[in-house]
>>> print(open('model11.txt').read())   # compact mmCIF, C-alpha atoms and all ligand atoms
# COMPACT_ATOMS: atom_id res chain seq x y z
CA MET A 5 -22.41 2.33 0.72
CA ALA A 6 -18.65 2.84 1.03
CA GLY A 7 -16.89 0.45 3.40
CA ASN A 8 -14.87 1.51 6.42
CA ARG A 9 -11.70 -0.54 5.95
CA THR A 10 -8.79 -0.39 3.55
CA PHE A 11 -5.46 -2.14 3.21
CA THR A 12 -2.01 -0.60 2.88
CA MET A 13 1.63 -1.61 2.51
CA ILE A 14 4.61 0.57 3.31
CA LYS A 15 6.78 -0.54 0.39
CA PRO A 16 10.46 -1.57 0.48
CA ASP A 17 11.81 1.86 -0.55
CA ALA A 18 10.03 3.70 2.26
CA PHE A 19 10.77 0.98 4.83
CA ALA A 20 14.49 0.94 3.92
CA ALA A 21 14.69 4.73 4.10
CA GLY A 22 13.37 4.65 7.68
CA ASN A 23 10.13 6.44 6.77
CA SER A 24 7.67 3.88 8.20
CA GLY A 25 7.10 5.79 11.43
CA ALA A 26 6.56 9.13 9.68
CA ILE A 27 4.12 7.53 7.22
CA LEU A 28 2.15 5.77 9.99
CA LYS A 29 1.99 9.11 11.83
CA MET A 30 0.48 10.80 8.76
CA ILE A 31 -2.01 7.93 8.43
CA GLU A 32 -3.13 8.23 12.06
CA GLU A 33 -3.27 12.02 11.93
CA ALA A 34 -5.57 11.71 8.90
CA GLY A 35 -8.04 9.81 11.09
CA PHE A 36 -7.29 6.18 10.20
CA LYS A 37 -7.17 3.60 12.98
CA ILE A 38 -4.76 0.67 12.66
CA VAL A 39 -6.73 -2.58 13.12
CA ALA A 40 -3.99 -4.99 11.96
CA ILE A 41 -0.28 -4.49 11.32
CA LYS A 42 2.88 -6.52 10.67
CA ALA A 43 6.40 -6.17 9.32
CA THR A 44 7.23 -8.92 6.84
CA GLN A 45 8.96 -9.61 3.51
CA LEU A 46 7.32 -11.02 0.38
CA THR A 47 8.92 -13.70 -1.75
CA PRO A 48 8.87 -12.95 -5.51
CA GLU A 49 6.14 -15.63 -5.83
CA LEU A 50 3.94 -14.00 -3.17
CA ALA A 51 4.49 -10.55 -4.69
CA GLY A 52 3.40 -12.05 -8.02
CA LYS A 53 0.27 -13.43 -6.41
CA PHE A 54 -0.57 -10.13 -4.70
CA TYR A 55 -0.17 -8.20 -7.99
CA ALA A 56 -1.60 -10.94 -10.27
CA VAL A 57 -4.08 -8.42 -11.70
CA HIS A 58 -1.08 -6.68 -13.34
CA LYS A 59 0.52 -9.80 -14.82
CA GLU A 60 0.06 -8.66 -18.44
CA ARG A 61 1.56 -5.23 -17.75
CA PRO A 62 5.14 -4.50 -18.91
CA PHE A 63 6.24 -3.53 -15.39
CA TYR A 64 4.97 -6.72 -13.69
CA ALA A 65 8.31 -8.59 -13.46
CA ASP A 66 10.13 -5.53 -12.12
CA LEU A 67 7.31 -4.85 -9.69
CA CYS A 68 7.50 -8.39 -8.24
CA LYS A 69 11.28 -8.08 -7.91
CA TYR A 70 11.03 -4.69 -6.24
CA MET A 71 8.20 -5.65 -3.86
CA SER A 72 10.17 -8.67 -2.64
CA SER A 73 13.49 -6.78 -2.40
CA GLY A 74 13.19 -5.93 1.29
CA PRO A 75 10.92 -5.68 4.31
CA ILE A 76 7.52 -4.03 4.15
CA ILE A 77 4.77 -3.16 6.62
CA ALA A 78 1.26 -4.45 5.88
CA ALA A 79 -1.73 -2.95 7.67
CA ILE A 80 -5.52 -2.84 7.69
CA LEU A 81 -6.91 0.64 8.39
CA GLU A 82 -10.32 1.78 9.54
CA LYS A 83 -12.12 5.06 8.84
CA ASP A 84 -15.40 6.12 7.25
CA ASN A 85 -15.04 6.04 3.45
CA ALA A 86 -11.65 4.37 3.99
CA VAL A 87 -10.71 3.33 0.43
CA GLU A 88 -11.38 6.69 -1.23
CA ASP A 89 -10.00 8.82 1.62
CA PHE A 90 -6.82 6.75 1.78
CA ARG A 91 -6.26 7.06 -1.99
CA THR A 92 -6.56 10.82 -1.56
CA LEU A 93 -4.04 10.76 1.32
CA ILE A 94 -1.45 8.77 -0.68
CA GLY A 95 -1.79 10.65 -3.99
CA ALA A 96 -1.26 9.60 -7.61
CA THR A 97 0.68 6.45 -8.57
CA ASN A 98 3.43 8.58 -10.14
CA PRO A 99 4.82 10.92 -7.46
CA ALA A 100 5.49 13.49 -10.18
CA ASN A 101 1.69 13.79 -10.53
CA ALA A 102 0.85 13.46 -6.82
CA ALA A 103 -0.71 16.45 -5.04
CA GLU A 104 1.37 18.45 -2.56
CA GLY A 105 1.21 17.06 0.95
CA THR A 106 0.34 13.51 -0.10
CA ILE A 107 2.38 10.57 1.18
CA ARG A 108 3.68 9.70 -2.28
CA LYS A 109 4.61 13.32 -3.03
CA ILE A 110 6.63 13.46 0.19
CA PHE A 111 8.19 9.98 0.30
CA ALA A 112 8.05 8.26 -3.14
CA THR A 113 11.16 8.17 -5.30
CA SER A 114 9.69 6.88 -8.61
CA ILE A 115 6.50 5.57 -10.21
CA GLU A 116 7.54 2.07 -9.07
CA ALA A 117 9.14 2.87 -5.71
CA ASN A 118 6.15 4.93 -4.66
CA ALA A 119 6.31 4.40 -0.88
CA VAL A 120 2.84 3.00 -0.19
CA HIS A 121 0.05 0.82 -1.52
CA GLY A 122 -3.63 1.62 -1.06
CA SER A 123 -6.52 -0.66 -2.09
CA ASP A 124 -8.60 0.62 -5.01
CA SER A 125 -11.99 -0.83 -3.96
CA ASP A 126 -13.79 -2.23 -0.93
CA GLU A 127 -13.68 -5.67 -2.54
CA ASN A 128 -9.90 -5.52 -3.05
CA ALA A 129 -9.38 -4.12 0.46
CA GLU A 130 -11.04 -7.27 1.83
CA ILE A 131 -9.06 -9.61 -0.45
CA GLU A 132 -5.74 -7.87 0.25
CA GLY A 133 -6.29 -7.72 4.02
CA ASN A 134 -7.08 -11.45 4.01
CA PHE A 135 -3.88 -12.09 2.01
CA TYR A 136 -1.83 -11.02 5.07
CA PHE A 137 -4.03 -11.41 8.15
CA ASN A 138 -6.23 -14.12 9.62
CA GLN A 139 -9.16 -13.41 11.93
CA PHE A 140 -6.95 -13.57 15.05
CA ASP A 141 -4.44 -11.01 13.71
CA ARG A 142 -6.85 -8.11 13.68
CA VAL A 143 -8.98 -5.97 15.94
CA ARG A 144 -12.62 -7.01 15.70
P1 LIG B 201 -1.68 2.15 -7.57
O1 LIG B 201 -0.69 1.49 -6.64
O2 LIG B 201 -1.61 3.65 -7.51
O3 LIG B 201 -3.09 1.62 -7.42
P2 LIG B 201 -1.41 0.50 -9.98
O4 LIG B 201 -1.68 0.97 -11.37
O5 LIG B 201 -2.39 -0.46 -9.36
O6 LIG B 201 -1.20 1.79 -9.06
O7 LIG B 201 0.04 -0.17 -10.00
C1 LIG B 201 0.49 -0.97 -8.94
C2 LIG B 201 1.93 -0.60 -8.64
O8 LIG B 201 2.73 -0.95 -9.77
C3 LIG B 201 2.20 0.89 -8.44
O9 LIG B 201 1.89 1.35 -7.13
C4 LIG B 201 3.68 0.98 -8.75
O10 LIG B 201 4.48 0.51 -7.66
C5 LIG B 201 3.79 0.00 -9.91
N1 LIG B 201 3.62 0.67 -11.22
C6 LIG B 201 2.48 1.17 -11.75
N2 LIG B 201 2.69 1.71 -12.97
C7 LIG B 201 4.01 1.54 -13.22
C8 LIG B 201 4.86 1.88 -14.33
O11 LIG B 201 4.42 2.46 -15.35
N3 LIG B 201 6.18 1.54 -14.21
C9 LIG B 201 6.71 0.90 -13.11
N4 LIG B 201 5.93 0.56 -12.05
C10 LIG B 201 4.60 0.88 -12.10
>>> encode(input="model11.txt", output="structure tokens", more="lines below")
Ligand code: IDP
Amino acid sequence: MAGNRTFTMIKPDAFAAGNSGAILKMIEEAGFKIVAIKATQLTPELAGKFYAVHKERPFYADLCKYMSSGPIIAAILEKDNAVEDFRTLIGATNPANAAEGTIRKIFATSIEANAVHGSDSDENAEIEGNFYFNQFDRVR
């Protein structure tokens, strides 16, 4: 059965451009409830840990640099079928391939600076949420 929570980050490009509020509005209007949220900034080491699954990819070093380049918002979101529905809402990794009306189509500026993160499985949603939030930082 699909889980009901996912994890997102509003990435440094979207945060710096002042698009956090507009993105959170789209997320809430799509039916997601915010159950944990914080503004923070990753160090390059923490970005490397978060994206460790990509460490053999050619873009890994740039990705760690970019993701630690400025503030972000991290959040846990709740909705039925959360992981899949949120991936649909954000659109394809490369904004050039993202469907009209998706968050990445509207706000992303490149395949790297693509505005938002969305977990790709229930298991990763749990791991990624726990990376940022302890049990007292979230709605139960
Ligand atoms: P996803 O975020 O859509 O799940 P992943 O393949 O898991 O995409 O990649 C993680 C992040 O790494 C992307 O969101 C994007 O910021 C960055 N990225 C992915 N592919 C490339 C690339 O080919 N060049 C530069 N950055 C990339």
>>> residues_around(input="model11.txt", residues="Ala103 (chain A)", least_positions_apart="5", cutoff="10 Å", atoms="only C-alpha atoms", output="mmCIF file with C-alpha atoms, keeping the file's coordinate frame")
data_model
loop_
_atom_site.group_PDB
_atom_site.id
_atom_site.type_symbol
_atom_site.label_atom_id
_atom_site.label_comp_id
_atom_site.auth_asym_id
_atom_site.auth_seq_id
_atom_site.Cartn_x
_atom_site.Cartn_y
_atom_site.Cartn_z
ATOM 1 C CA THR A 92 -6.560 10.820 -1.560
ATOM 2 C CA LEU A 93 -4.040 10.760 1.320
ATOM 3 C CA ILE A 94 -1.450 8.770 -0.680
ATOM 4 C CA GLY A 95 -1.790 10.650 -3.990
ATOM 5 C CA ALA A 96 -1.260 9.600 -7.610
ATOM 6 C CA ARG A 108 3.680 9.700 -2.280
ATOM 7 C CA LYS A 109 4.610 13.320 -3.030
ATOM 8 C CA ILE A 110 6.630 13.460 0.190
#
>>> residues_near_ligand(input="model11.txt", ligand="ligand LIG 201 (chain B)", cutoff="9 Å", atoms="all atoms listed in the file", output="ChimeraX atom specification")
/A:15,55,57-58,61-64,66-68,70-71,91,94-98,114-124
>>> atom_distance(input="model11.txt", atom1="CA of Ile107 (chain A)", atom2="CA of Ile31 (chain A)")
8.9 Å
>>> closest_residue(input="model11.txt", among="A:Val143, A:Leu50, A:Ala129, A:Met30", to="Ala86 (chain A)", atoms="all atoms listed in the file")
A:Ala129
>>> atom_distance(input="model11.txt", atom1="CA of Ile14 (chain A)", atom2="CA of Ala79 (chain A)")
8.5 Å
>>> closest_residue(input="model11.txt", among="A:Phe90, A:Phe137, A:Phe19, A:Phe54", to="Val39 (chain A)", atoms="all atoms listed in the file")
A:Phe137
>>> atom_distance(input="model11.txt", atom1="CA of Ala34 (chain A)", atom2="CA of Thr113 (chain A)")
22.2 Å
>>> closest_residue(input="model11.txt", among="A:Gly7, A:Pro99, A:Pro48, A:Gly25", to="Lys69 (chain A)", atoms="all atoms listed in the file")
A:Pro48
>>> closest_residue(input="model11.txt", among="A:Ala65, A:Ile80, A:Leu28, A:Ala102", to="Gln139 (chain A)", atoms="all atoms listed in the file")
A:Ile80
>>> closest_residue(input="model11.txt", among="A:Ala51, A:Ile77, A:Ala40, A:Ala6", to="Asn23 (chain A)", atoms="all atoms listed in the file")
A:Ile77
>>> closest_residue(input="model11.txt", among="A:Asn8, A:Asn134, A:Thr47, A:Ser73", to="Ala20 (chain A)", atoms="only C-alpha atoms")
A:Ser73
>>> residues_around(input="model11.txt", residues="Phe36 (chain A)", least_positions_apart="3", cutoff="8 Å", atoms="all atoms listed in the file", output="list in words")
Ile31, Glu32, Glu33, Leu81, Glu82, Lys83 and Ala86 of chain A
>>> axis_aligned_box(input="model11.txt", around="region 30-48 of chain A", padding_each_side="6 Å", output="AutoDock Vina command-line options")
--center_x 0.5 --center_y -0.8 --center_z 3.8 --size_x 29.0 --size_y 37.7 --size_z 30.6
